[in-house]
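K.L.:
After the structure tokens below, expect a handful of questions from me.
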Amino acid sequence: MTRLDIRLGTADVLAAARRIEGHVLRTPLLALDAVPGVLLKAEHVQRGGSFKIRGAANALLAEPCGEVVTGSSGNHGIAVATLGRALGVPVTVVVAEGASRAKAAALRRLG
């Protein structure tokens, strides 16, 4: 098995942030009253319903392509399909047989 040694720095993170700007929502931080000082990132209100849209946007925008094929049984596939639709990039999501029916239906609705 080969291990990839990828080192990212501040410049890489800032470049990704600029790249995805306008394609993802700035989700709020919510204070957790039961535990003072703890903040929750409200990614459930993000496009596609999870943080996965951030990685999908970064990948699709970093290397523009004519078509995307991905494997997912849920949030990643929804994120890629959501972004592909917005960018006009055809997306095929291969879904595992035991995937959630609700998530599979959401993928079908995205086309």
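Numbering starts fresh at 1 for the residues of each chain in the structure tokens, the chains themselves are lettered A, B, ... in the order given, and ligands are numbered from 1 as they appear.
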Find the residues near Ser72 of chain A: any atom within 12 Å, counting only C-alpha atoms, skip ones fewer than 6 places away on the same chain, and give them as a list in words.
P.N.:
Lys52, Ile78, Ala79, Val80, Ala81, Thr92, Val93, Val94, Val95, Ala96, Glu97, Gly98, Ala99, Ser100, Lys103, Ala104 and Leu107 of chain A
K.L.:
Taking the backbone alone, and naming residues the way the document does, which bits of chain A are helix (DSSP H, G or I) by DSSP, as number ranges by chain?
P.N.:
A: 10-20, 43-45, 47-49, 52-62, 75-87, 101-109
K.L.:
Would you kindly return, as a VMD selection string, each protein, DNA or RNA residue with an atom no farther than 12 Å from any atom of Asp12 of chain A, considering only C-alpha atoms and excluding same-chain residues fewer than 6 positions away?
P.N.:
chain A and resid 6 18 to 19 58 62
K.L.:
Within 7 Å of Arg54 of chain A, counting only C-alpha atoms, which residues qualify if same-chain residues fewer than 3 places away don't, as a JSON list (two decimals) with C-alpha atoms, in the first residue's frame?
P.N.:
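Produced file selection37.json, reproduced below:
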```
[["chain", "number", "residue", "atom", "x", "y", "z"],
["A", 20, "ILE", "CA", -15.44, 27.76, -3.14],
["A", 24, "VAL", "CA", -21.14, 27.20, -0.48],
["A", 51, "PHE", "CA", -20.20, 19.89, 5.02],
["A", 57, "ALA", "CA", -16.79, 22.36, -4.61],
["A", 58, "ASN", "CA", -13.05, 22.55, -4.05]]
```
K.L.:
Considering only C-alpha atoms, can you say which of A:Ala105, A:Ala17, A:Val91, A:Ala86 comes closest to Thr70 of chain A?
P.N.:
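Between A:Ala105, A:Ala17, A:Val91, A:Ala86, the residue approaching Thr70 of chain A most closely is A:Val91.
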K.L.:
For Pro64 of chain A, work out the shell of residues within 12 Å, counting only C-alpha atoms and skipping chain neighbours fewer than 3 positions away, then give it as number ranges by chain.
P.N.:
A: 19, 56-61, 67-68, 83-84, 87-90
K.L.:
Output the selection as a PDB file, in the first residue's frame - N, CA and C atoms for each residue.
P.N.:
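As a result, again_23.pdb now contains:
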```pdb
ATOM      1  N   ARG A  19     -11.691  29.723  -3.764  1.00  0.00           N
ATOM      2  CA  ARG A  19     -12.240  28.920  -4.864  1.00  0.00           C
ATOM      3  C   ARG A  19     -13.713  28.578  -4.631  1.00  0.00           C
ATOM      4  N   ALA A  56     -16.458  18.881  -2.261  1.00  0.00           N
ATOM      5  CA  ALA A  56     -16.912  18.686  -3.633  1.00  0.00           C
ATOM      6  C   ALA A  56     -16.670  19.945  -4.461  1.00  0.00           C
ATOM      7  N   ALA A  57     -16.999  21.096  -3.895  1.00  0.00           N
ATOM      8  CA  ALA A  57     -16.785  22.357  -4.610  1.00  0.00           C
ATOM      9  C   ALA A  57     -15.309  22.587  -4.872  1.00  0.00           C
ATOM     10  N   ASN A  58     -14.483  22.353  -3.881  1.00  0.00           N
ATOM     11  CA  ASN A  58     -13.048  22.554  -4.052  1.00  0.00           C
ATOM     12  C   ASN A  58     -12.509  21.652  -5.158  1.00  0.00           C
ATOM     13  N   ALA A  59     -12.918  20.391  -5.167  1.00  0.00           N
ATOM     14  CA  ALA A  59     -12.428  19.447  -6.176  1.00  0.00           C
ATOM     15  C   ALA A  59     -12.916  19.811  -7.575  1.00  0.00           C
ATOM     16  N   LEU A  60     -14.208  20.083  -7.722  1.00  0.00           N
ATOM     17  CA  LEU A  60     -14.749  20.375  -9.045  1.00  0.00           C
ATOM     18  C   LEU A  60     -14.242  21.699  -9.601  1.00  0.00           C
ATOM     19  N   LEU A  61     -14.003  22.658  -8.735  1.00  0.00           N
ATOM     20  CA  LEU A  61     -13.542  23.971  -9.202  1.00  0.00           C
ATOM     21  C   LEU A  61     -12.029  24.023  -9.394  1.00  0.00           C
ATOM     22  N   GLU A  67     -17.030  15.876 -17.109  1.00  0.00           N
ATOM     23  CA  GLU A  67     -17.940  14.898 -16.518  1.00  0.00           C
ATOM     24  C   GLU A  67     -17.314  14.369 -15.229  1.00  0.00           C
ATOM     25  N   VAL A  68     -18.152  13.997 -14.258  1.00  0.00           N
ATOM     26  CA  VAL A  68     -17.668  13.470 -12.978  1.00  0.00           C
ATOM     27  C   VAL A  68     -18.391  12.161 -12.680  1.00  0.00           C
ATOM     28  N   LEU A  83     -23.382  20.342  -6.866  1.00  0.00           N
ATOM     29  CA  LEU A  83     -22.394  21.224  -7.496  1.00  0.00           C
ATOM     30  C   LEU A  83     -22.347  21.016  -8.994  1.00  0.00           C
ATOM     31  N   GLY A  84     -22.393  19.761  -9.417  1.00  0.00           N
ATOM     32  CA  GLY A  84     -22.376  19.476 -10.851  1.00  0.00           C
ATOM     33  C   GLY A  84     -23.541  20.143 -11.558  1.00  0.00           C
ATOM     34  N   LEU A  87     -22.916  23.857 -11.827  1.00  0.00           N
ATOM     35  CA  LEU A  87     -21.827  24.182 -12.757  1.00  0.00           C
ATOM     36  C   LEU A  87     -22.093  23.700 -14.180  1.00  0.00           C
ATOM     37  N   GLY A  88     -23.178  22.947 -14.365  1.00  0.00           N
ATOM     38  CA  GLY A  88     -23.474  22.405 -15.688  1.00  0.00           C
ATOM     39  C   GLY A  88     -22.573  21.235 -16.057  1.00  0.00           C
ATOM     40  N   VAL A  89     -22.055  20.527 -15.063  1.00  0.00           N
ATOM     41  CA  VAL A  89     -21.176  19.374 -15.287  1.00  0.00           C
ATOM     42  C   VAL A  89     -21.993  18.101 -15.052  1.00  0.00           C
ATOM     43  N   PRO A  90     -22.058  17.211 -16.040  1.00  0.00           N
ATOM     44  CA  PRO A  90     -22.780  15.960 -15.830  1.00  0.00           C
ATOM     45  C   PRO A  90     -22.107  15.120 -14.742  1.00  0.00           C
TER      46      PRO A  90
END
```
K.L.:
Taking only chain A into account, list the residues labelled strand (DSSP E or B) by DSSP (computed from the backbone), as a list in words.
P.N.:
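Strand (DSSP E or B) assignments inside chain A correspond to Glu21, Val24, Leu29, Leu30, Ala31, Leu39, Leu40, Lys41, Val68, Val69, Thr70, Gly71, Val91, Thr92, Val93 and Val94 of chain A.
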